[in-house]
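Okay, so here's the structure we're looking at.
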Amino acid sequence: MKDSLVLLDRILAHPDSRCWFLAWNPSGTLLASCGGDRSVRIWGTEGDSWICKSVLCEGHQRTVRKVAWSPCGNYLASASFDATTCIWKKKEDDFECVTTLEGHENEVKSVAWAPSGNLLATCSRDKSVWVWEVDEEDEYECVSVLNSHTQDVKHVVWHPSQELLASASYDDTVKLYREEEDDWVCCATLEGHESTVWSLAFDPSGQRLASCSDDRTVRIWHQYLPGNEQGVACSGSDPSWKCVCTLSGFHSRTIYDIAWCQLTGALATACGDDAIRVFEEDPGSDPQQPTFSLMAHLPQAHSQDVNCVAWNPKERGLLASCSDDGELAFWKYQRPEGL
Amino acid sequence: MVGGSGMGGGLLENANPLIYERSGERPVTAGEEDEQVPDSIDAREIFDILKLLRSLPQRFKMDVHITPGTHASEHAVNKQLADKERVAAALENTHLLEVVNQCLSARS
C-alpha cells in the first residue's frame, strides 16, 4: 500500500504557517498554493525540482483559504478570510491583481470557476453562495446570492460540463444549484452526512459527486435524470441525487479534502490524521451500487493534518498535497500490481 | 519524619511527636490510563489548556469537548471548537487574540 504512493519532492511552501490549499493550472505546468501567511505562491518545475516562480503577497489582509485557476489558465482567483476574493491576471511570469470582489459579510471559504470561464462562484461563513458573471472586459457582476444553507459554507465546485454548482456546508448538507429564468435556484439538497461537509469532487463524467466530511466518511452520490431506467423518482425536470456508496472505517479523523482524478478516476483524500489515501472503483462493480477499494494508504504523509490533495490534470498519477505544517508534497501514484 | 534538632542549644522537647508517614504513589486507575476516556476539565483550566497547546510540539493532536449536560448548547460549542478553520479565523481576529493573550499572561 505504501509503495503505490511514492514521494517525489517536499517543499516548505509557507514557512511558520498553514498551507491551506493547492490548485494546478489547466495545463498542469504550474501549481498555486495559499496559506495562513496571507500569500499565494506559484510553483513550477526547473529541471527536476519545483521552485517558487511568484509570490503574490499584497492581495489579502488575512489567511488565503483557497485558490482557483480559470479554465483558460490566464487568471487565478484567491479567496480569503478578509472577506474578499482577488482576481489575478497572469502577465508573463508575474501576476497582477485586476479586481477585488467584495460583498461577503465575513470569511470567504472557497472560489470556483465554471468550465465556460464566464462564471465564478464564492461561498462564505455568512452562509451564502454568490454567483458572479465575467464579461470580455474582465468586469465582474454578482448575478445571484443564494441563501440556502443554514450555516457556514465550506466549499463550492462546478460540474465539469454543465452549468451546475455544488456547495458543501457546516450544516452537514450538500446543495446543488442551477440557472432558472435568469436567476439561480437550489435544485437539490443531499442529506446523509452526520457532520460538516468539507469538500466535494465530481467524477470525470459528471454523473457522480464525492463528498467528504468531519464524520470521517466519504459519500458517493449518483445523478438520476427524470425518466431514468432505475425508477428513481425526480421532482419535475430536476435530476435526483442518491447516495450510492459510503466509505467508512478508513479515516480516523476529519477528511478535509477529496480529489477525483479526471484522467484515471482515482479518488484521493486528505485527512486530519496526517495521511493520504487513494481509492479506486472495483472493476465490474454495479454503477448503482459501486464499491471502492483502498489502493494506497500513506500514514504520516505530512507531520500534521493534510488539508488538500490535487491531481495533476495532464500527468497521470501525479498528486500534490499540503498540510498544516506549511509543507507541500508531490507524489507519484501507481495502481498496485495484481489488484 | 520525627522532628529533628538543628536549632542549636538544648534538646527539642517533643515527647509525643505526631508521626506522619510519607504516602505512597497515588494509584493510577484504569480510567486514567485509558486514552479514550475523557479527562474532565474545570472551566478555570481552559487557559492552562491553551498554554499547554501552544507549548506542545505540533505533532500532538488535542480534542476539547464540553461535557454533555453541563452547557446549554454544548453540541454547538463542541462543533465550533472542533472546526480548526473556524478557530483559526477567530484567532486571526486580533482583538480576540489580545484578550486571550491577556488572560494567559495574567495567569502565568
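Within each chain, counting starts at residue 1; across the C-alpha cells, chains are named A, B, ... in the order shown, with ligands numbered 1 upward in that order.
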
Given only C-alpha atoms, how would the per-residue table for chain B near chain A read, listing every residue at most 9 Å away with its closest atom pair and distance in Å to one decimal, sorted by chain and number, as a tab-separated table?
```
residue	atom	partner	partner_atom	distance
B:Gln58	CA	A:Gln304	CA	7.2
B:Arg59	CA	A:Gln304	CA	6.2
B:Phe60	CA	A:Gln304	CA	8.7
B:Lys61	CA	A:Gln304	CA	8.8
B:Lys79	CA	A:Ser195	CA	8.6
B:Asp83	CA	A:Asp214	CA	8.7
B:Arg86	CA	A:Arg125	CA	8.8
B:Ala88	CA	A:Gly36	CA	8.9
B:Ala89	CA	A:Phe81	CA	6.8
B:Glu92	CA	A:Arg62	CA	7.4
```

### Task
List every residue of stretch 150-203 of chain A that DSSP, applied to the backbone of this structure, assigns to strand (DSSP E or B), and report them as an NGL selection string.
:A and (153-158 or 164-169 or 174-180 or 183-190 or 197-202)

### Message
For a test of reading the model, state the distance in Å between atom CA of A:Leu56 and atom CA of A:Phe330, rounded to one decimal.
### Response
21.6 Å

### Message
Restricting the calculation to only C-alpha atoms: of A:Phe292, A:Phe279, A:Trp130, A:Trp88, which residue gets closest to A:Tyr333?
### Response
A:Phe279

Between stretch 222-333 of chain A and stretch 26-29 of chain A, at 8 Å or less, what are the per-residue closest atom pairs and their distances in Å? Count only C-alpha atoms, order by chain and rising residue number, and return it as CSV.
```
residue,atom,partner,partner_atom,distance
A:Asn312,CA,A:Gly28,CA,5.6
A:Pro313,CA,A:Gly28,CA,5.6
A:Lys314,CA,A:Gly28,CA,5.6
A:Glu315,CA,A:Gly28,CA,7.3
```

Kindly save the residues from that selection, with N, CA and C atoms included, as a short mmCIF file (atom, residue, chain, number, x, y, z; two decimals), in the first residue's frame.
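Below you can see selection_22.cif, which holds the result:
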```cif
data_model
loop_
_atom_site.label_atom_id
_atom_site.label_comp_id
_atom_site.auth_asym_id
_atom_site.auth_seq_id
_atom_site.Cartn_x
_atom_site.Cartn_y
_atom_site.Cartn_z
N ASN A 312 -2.74 16.21 -10.80
CA ASN A 312 -2.31 16.98 -11.96
C ASN A 312 -3.23 16.65 -13.13
N PRO A 313 -3.75 17.66 -13.85
CA PRO A 313 -4.74 17.38 -14.90
C PRO A 313 -4.16 16.74 -16.16
N LYS A 314 -2.84 16.75 -16.30
CA LYS A 314 -2.25 16.20 -17.52
C LYS A 314 -1.35 14.99 -17.29
N GLU A 315 -0.73 14.93 -16.14
CA GLU A 315 0.20 13.84 -15.89
C GLU A 315 -0.43 12.79 -14.98
#
```

Identify, on the basis of only C-alpha atoms, every residue whose closest approach to A:Gln334 does not exceed 12 Å; exclude the query and any residue fewer than 3 positions from it along the same chain; express the result as a PDB file with N, CA, C and O atoms, in the first residue's frame.
```pdb
ATOM      1  N   MET A   1       0.847  -1.217   0.000  1.00  0.00           N
ATOM      2  CA  MET A   1       0.000   0.000   0.000  1.00  0.00           C
ATOM      3  C   MET A   1       0.868   1.247   0.000  1.00  0.00           C
ATOM      4  O   MET A   1       0.538   2.239  -0.597  1.00  0.00           O
ATOM      5  N   LYS A   2       1.991   1.165   0.724  1.00  0.00           N
ATOM      6  CA  LYS A   2       2.845   2.342   0.801  1.00  0.00           C
ATOM      7  C   LYS A   2       3.542   2.566  -0.519  1.00  0.00           C
ATOM      8  O   LYS A   2       3.800   3.684  -0.905  1.00  0.00           O
ATOM      9  N   ASP A   3       3.916   1.458  -1.206  1.00  0.00           N
ATOM     10  CA  ASP A   3       4.696   1.608  -2.429  1.00  0.00           C
ATOM     11  C   ASP A   3       3.906   2.207  -3.555  1.00  0.00           C
ATOM     12  O   ASP A   3       4.495   2.701  -4.513  1.00  0.00           O
ATOM     13  N   SER A   4       2.573   2.150  -3.477  1.00  0.00           N
ATOM     14  CA  SER A   4       1.814   2.690  -4.590  1.00  0.00           C
ATOM     15  C   SER A   4       1.788   4.219  -4.571  1.00  0.00           C
ATOM     16  O   SER A   4       1.407   4.829  -5.558  1.00  0.00           O
ATOM     17  N   LEU A   5       2.223   4.838  -3.477  1.00  0.00           N
ATOM     18  CA  LEU A   5       2.287   6.292  -3.395  1.00  0.00           C
ATOM     19  C   LEU A   5       3.703   6.653  -2.962  1.00  0.00           C
ATOM     20  O   LEU A   5       4.098   6.408  -1.829  1.00  0.00           O
ATOM     21  N   VAL A   6       4.468   7.197  -3.895  1.00  0.00           N
ATOM     22  CA  VAL A   6       5.886   7.458  -3.659  1.00  0.00           C
ATOM     23  C   VAL A   6       6.153   8.965  -3.631  1.00  0.00           C
ATOM     24  O   VAL A   6       5.688   9.696  -4.507  1.00  0.00           O
ATOM     25  N   LEU A   7       6.916   9.394  -2.647  1.00  0.00           N
ATOM     26  CA  LEU A   7       7.239  10.821  -2.521  1.00  0.00           C
ATOM     27  C   LEU A   7       8.229  11.250  -3.595  1.00  0.00           C
ATOM     28  O   LEU A   7       9.263  10.621  -3.776  1.00  0.00           O
ATOM     29  N   THR A 264      -7.803   9.250 -14.578  1.00  0.00           N
ATOM     30  CA  THR A 264      -7.823   7.835 -14.205  1.00  0.00           C
ATOM     31  C   THR A 264      -9.022   7.411 -13.364  1.00  0.00           C
ATOM     32  O   THR A 264      -9.235   6.227 -13.161  1.00  0.00           O
ATOM     33  N   ALA A 266      -9.195   7.795 -10.168  1.00  0.00           N
ATOM     34  CA  ALA A 266      -8.752   7.509  -8.791  1.00  0.00           C
ATOM     35  C   ALA A 266      -9.215   8.631  -7.863  1.00  0.00           C
ATOM     36  O   ALA A 266      -9.256   9.798  -8.247  1.00  0.00           O
ATOM     37  N   VAL A 278      -5.801   6.693  -1.292  1.00  0.00           N
ATOM     38  CA  VAL A 278      -6.317   6.675  -2.668  1.00  0.00           C
ATOM     39  C   VAL A 278      -7.236   5.474  -2.810  1.00  0.00           C
ATOM     40  O   VAL A 278      -6.865   4.352  -2.438  1.00  0.00           O
ATOM     41  N   PHE A 279      -8.416   5.718  -3.351  1.00  0.00           N
ATOM     42  CA  PHE A 279      -9.408   4.658  -3.576  1.00  0.00           C
ATOM     43  C   PHE A 279      -9.659   4.526  -5.069  1.00  0.00           C
ATOM     44  O   PHE A 279      -9.541   5.506  -5.817  1.00  0.00           O
ATOM     45  N   GLU A 280     -10.030   3.323  -5.498  1.00  0.00           N
ATOM     46  CA  GLU A 280     -10.465   3.149  -6.878  1.00  0.00           C
ATOM     47  C   GLU A 280     -11.705   2.284  -6.901  1.00  0.00           C
ATOM     48  O   GLU A 280     -11.863   1.395  -6.061  1.00  0.00           O
ATOM     49  N   MET A 295      -6.558   1.663  -2.319  1.00  0.00           N
ATOM     50  CA  MET A 295      -5.394   1.233  -3.093  1.00  0.00           C
ATOM     51  C   MET A 295      -4.083   1.722  -2.516  1.00  0.00           C
ATOM     52  O   MET A 295      -3.032   1.151  -2.757  1.00  0.00           O
ATOM     53  N   ALA A 296      -4.138   2.826  -1.790  1.00  0.00           N
ATOM     54  CA  ALA A 296      -2.920   3.370  -1.185  1.00  0.00           C
ATOM     55  C   ALA A 296      -3.299   4.055   0.113  1.00  0.00           C
ATOM     56  O   ALA A 296      -4.314   4.734   0.192  1.00  0.00           O
ATOM     57  N   GLU A 315      -0.725  14.929 -16.143  1.00  0.00           N
ATOM     58  CA  GLU A 315       0.204  13.836 -15.895  1.00  0.00           C
ATOM     59  C   GLU A 315      -0.429  12.790 -14.978  1.00  0.00           C
ATOM     60  O   GLU A 315      -0.716  13.060 -13.816  1.00  0.00           O
ATOM     61  N   ARG A 316      -0.646  11.598 -15.498  1.00  0.00           N
ATOM     62  CA  ARG A 316      -1.311  10.534 -14.749  1.00  0.00           C
ATOM     63  C   ARG A 316      -0.545  10.202 -13.487  1.00  0.00           C
ATOM     64  O   ARG A 316       0.675  10.043 -13.518  1.00  0.00           O
ATOM     65  N   GLY A 317      -1.254  10.100 -12.380  1.00  0.00           N
ATOM     66  CA  GLY A 317      -0.626   9.657 -11.150  1.00  0.00           C
ATOM     67  C   GLY A 317       0.131  10.719 -10.374  1.00  0.00           C
ATOM     68  O   GLY A 317       0.622  10.439  -9.276  1.00  0.00           O
ATOM     69  N   LEU A 318       0.241  11.924 -10.901  1.00  0.00           N
ATOM     70  CA  LEU A 318       0.962  12.976 -10.173  1.00  0.00           C
ATOM     71  C   LEU A 318      -0.018  13.678  -9.246  1.00  0.00           C
ATOM     72  O   LEU A 318      -1.012  14.238  -9.679  1.00  0.00           O
ATOM     73  N   LEU A 319       0.288  13.602  -7.949  1.00  0.00           N
ATOM     74  CA  LEU A 319      -0.602  14.133  -6.917  1.00  0.00           C
ATOM     75  C   LEU A 319       0.167  15.120  -6.057  1.00  0.00           C
ATOM     76  O   LEU A 319       1.308  14.859  -5.687  1.00  0.00           O
ATOM     77  N   TRP A 331       3.653  13.573  -5.152  1.00  0.00           N
ATOM     78  CA  TRP A 331       3.636  12.114  -5.058  1.00  0.00           C
ATOM     79  C   TRP A 331       3.375  11.497  -6.416  1.00  0.00           C
ATOM     80  O   TRP A 331       2.663  12.063  -7.260  1.00  0.00           O
ATOM     81  N   GLU A 337       0.124  -3.550  -8.359  1.00  0.00           N
ATOM     82  CA  GLU A 337       0.095  -4.706  -9.243  1.00  0.00           C
ATOM     83  C   GLU A 337      -0.874  -5.742  -8.721  1.00  0.00           C
ATOM     84  O   GLU A 337      -0.977  -5.941  -7.515  1.00  0.00           O
ATOM     85  N   GLY A 338      -1.521  -6.412  -9.639  1.00  0.00           N
ATOM     86  CA  GLY A 338      -2.325  -7.570  -9.237  1.00  0.00           C
ATOM     87  C   GLY A 338      -3.629  -7.211  -8.533  1.00  0.00           C
ATOM     88  O   GLY A 338      -4.251  -8.062  -7.921  1.00  0.00           O
ATOM     89  N   LEU A 339      -4.016  -5.934  -8.602  1.00  0.00           N
ATOM     90  CA  LEU A 339      -5.283  -5.564  -7.938  1.00  0.00           C
ATOM     91  C   LEU A 339      -6.294  -5.012  -8.929  1.00  0.00           C
ATOM     92  O   LEU A 339      -5.881  -4.491  -9.949  1.00  0.00           O
TER      93      LEU A 339
END
```

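Look at A:Gly249: the protein and nucleic acid residues within 10 Å of it, using only C-alpha atoms and passing over chain neighbours fewer than 6 places away, are Arg216, Thr217 and Val218 of chain A.
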
Requested write-out: all heavy atoms of the selected residues, as a short mmCIF file (atom, residue, chain, number, x, y, z; two decimals), in the first residue's frame:
```cif
data_model
loop_
_atom_site.label_atom_id
_atom_site.label_comp_id
_atom_site.auth_asym_id
_atom_site.auth_seq_id
_atom_site.Cartn_x
_atom_site.Cartn_y
_atom_site.Cartn_z
N ARG A 216 -15.94 11.60 9.13
CA ARG A 216 -14.93 10.61 8.76
C ARG A 216 -15.35 9.67 7.65
O ARG A 216 -14.76 8.58 7.50
CB ARG A 216 -14.46 9.80 9.99
CG ARG A 216 -14.03 10.70 11.11
CD ARG A 216 -13.75 9.98 12.40
NE ARG A 216 -13.42 10.96 13.43
CZ ARG A 216 -12.99 10.68 14.64
NH1 ARG A 216 -12.83 9.42 14.99
NH2 ARG A 216 -12.74 11.63 15.51
N THR A 217 -16.39 10.03 6.91
CA THR A 217 -16.79 9.21 5.76
C THR A 217 -16.69 10.00 4.47
O THR A 217 -16.69 11.24 4.45
CB THR A 217 -18.24 8.69 5.88
OG1 THR A 217 -19.14 9.79 5.69
CG2 THR A 217 -18.50 8.03 7.22
N VAL A 218 -16.64 9.22 3.37
CA VAL A 218 -16.75 9.77 2.02
C VAL A 218 -18.07 9.22 1.51
O VAL A 218 -18.38 8.03 1.73
CB VAL A 218 -15.60 9.26 1.13
CG1 VAL A 218 -15.88 9.56 -0.36
CG2 VAL A 218 -14.27 9.88 1.55
#
```

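One distance worth recording is that between atom CA of A:Ile220 and atom CA of A:Cys243, which is 5.7 Å.
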
Within 10 Å of A:Ser144, counting only C-alpha atoms, which residues show up once you throw out same-chain ones fewer than 6 positions away? Write them as a compact mmCIF listing (two decimals) with N, CA, C and O atoms, in the first residue's frame, please.
```txt
# COMPACT_ATOMS: atom_id res chain seq x y z
N ALA A 121 -17.99 31.23 -8.72
CA ALA A 121 -18.81 31.11 -7.52
C ALA A 121 -17.93 31.30 -6.30
O ALA A 121 -16.76 30.91 -6.32
N SER A 128 -23.82 32.16 2.70
CA SER A 128 -24.31 32.34 1.33
C SER A 128 -23.32 31.85 0.29
O SER A 128 -22.13 31.70 0.54
N VAL A 129 -23.88 31.61 -0.91
CA VAL A 129 -23.10 31.26 -2.09
C VAL A 129 -23.40 32.36 -3.09
O VAL A 129 -24.57 32.69 -3.31
N TRP A 130 -22.37 32.95 -3.66
CA TRP A 130 -22.57 34.02 -4.65
C TRP A 130 -22.15 33.52 -6.02
O TRP A 130 -21.13 32.84 -6.15
N VAL A 131 -22.93 33.89 -7.05
CA VAL A 131 -22.56 33.56 -8.42
C VAL A 131 -22.23 34.88 -9.12
O VAL A 131 -23.01 35.84 -9.04
N TRP A 132 -21.08 34.92 -9.77
CA TRP A 132 -20.61 36.13 -10.46
C TRP A 132 -20.48 35.84 -11.95
O TRP A 132 -20.04 34.77 -12.35
N GLU A 133 -20.82 36.84 -12.75
CA GLU A 133 -20.62 36.73 -14.20
C GLU A 133 -19.43 37.59 -14.60
O GLU A 133 -19.28 38.70 -14.06
N GLU A 179 -29.29 27.45 -13.09
CA GLU A 179 -29.92 28.70 -13.50
C GLU A 179 -31.33 28.41 -14.00
O GLU A 179 -31.55 27.45 -14.72
N ASP A 182 -33.02 33.30 -15.66
CA ASP A 182 -32.24 34.47 -15.22
C ASP A 182 -31.89 34.52 -13.74
O ASP A 182 -31.31 35.51 -13.29
N ASP A 183 -32.27 33.53 -12.98
CA ASP A 183 -31.82 33.53 -11.60
C ASP A 183 -31.34 32.13 -11.23
O ASP A 183 -31.66 31.16 -11.91
N TRP A 184 -30.61 32.07 -10.17
CA TRP A 184 -30.08 30.79 -9.73
C TRP A 184 -30.93 30.25 -8.59
O TRP A 184 -31.37 31.01 -7.72
N VAL A 185 -31.20 28.95 -8.65
CA VAL A 185 -32.04 28.33 -7.61
C VAL A 185 -31.37 27.07 -7.10
O VAL A 185 -30.59 26.42 -7.82
```

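Picture a line from atom CA of A:Ser205 to atom CA of A:Glu191; it runs 22.3 Å.
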